[in-house]
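Visitor: What follows is a structure written as structure tokens; I'll ask about it next.
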Amino acid sequence: MRCRAARRIRKQLGRRGHFLLILGVGKTCWGAGFLIDPPSPAGLALLTHFCGLRHWAWLWIACGIVTTISAFLRVGRDWAGFVAALIPPTVWAVAYLAAVVSGQYSRGIYVAIWYLTSHVGVILWASRVPEHSVPHVPGAAREGGPG
């Protein structure tokens, strides 16, 4: 019975859903970590100017929940999950870039690039991956001719 339920959930999620589920759980946990044990605010002066990191943790948590829920929606309706997944790392990258430009945190350039590539870039790429992709078949093979 459990295996059947697991197969059903796995089939419902599909490739994009699995990705959104992993992202959603990760973002929610990351935000919870900010609540439980806030890190050093080094490089995040742009954010902490408006409110503390504990408050910003709720951005990660809320976006993580939206992303997780979107994992279970059909392709085409899962767009909100990808948008929600983009928001926290984009905000953090902007904050670190602002810290670099203002001269407050020179190491921020590396952190910003990390957020922009391993988070924003990967999310943008995954949002464009079709649920089922069929490899290109050469014209001759379609017509029954030699490969």
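Residue numbers start at 1 in each chain; chains themselves are named A, B, ... in the order of the structure tokens; ligands are numbered from 1 in the order shown.
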With a distance cut-off of 12 Å and only C-alpha atoms, select the neighbouring residues of Leu20 of chain A, excluding the residue or stretch itself and same-chain residues fewer than 3 positions from it, and output the selection as a ChimeraX atom specification.

Guide: /A:13-17,23-28,63-75,78-86,122-124,126-127

Visitor: Segment 15-96 of chain A: which residues are helix (DSSP H, G or I) by DSSP, as a ChimeraX atom specification?

Guide: /A:15-36,45-48,53-70,79-96

Visitor: Could you work out how far atom CA of Leu116 of chain A lies from atom CA of Ser40 of chain A, giving the answer in Å with one decimal?

Guide: 20.5 Å

Visitor: Which neighbours of Tyr115 of chain A fall inside 9 Å, counting only C-alpha atoms, when residues of the same chain fewer than 6 positions from it are skipped, and could you give them as a PyMOL selection string?

Guide: chain A and resi 89-90+92-93+121

Visitor: State, in Å with one decimal place, the distance from atom CA of Leu97 of chain A to atom CA of Asp37 of chain A.

Guide: 24.0 Å

Visitor: With distances taken over only C-alpha atoms, which of A:His18, A:Gly33, A:Gln104, A:Ser118 is nearest to Leu46 of chain A?

Guide: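 Going through A:His18, A:Gly33, A:Gln104, A:Ser118 one by one, the smallest distance to Leu46 of chain A is for A:Gln104.
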
Visitor: Find the spatial neighbours of segment 50-53 of chain A, counting only C-alpha atoms, within a cut-off of 10 Å - ignore same-chain residues fewer than 3 positions away - and output them as a PyMOL selection string.

Guide: chain A and resi 31+34-35+38-41+44-47+56-59
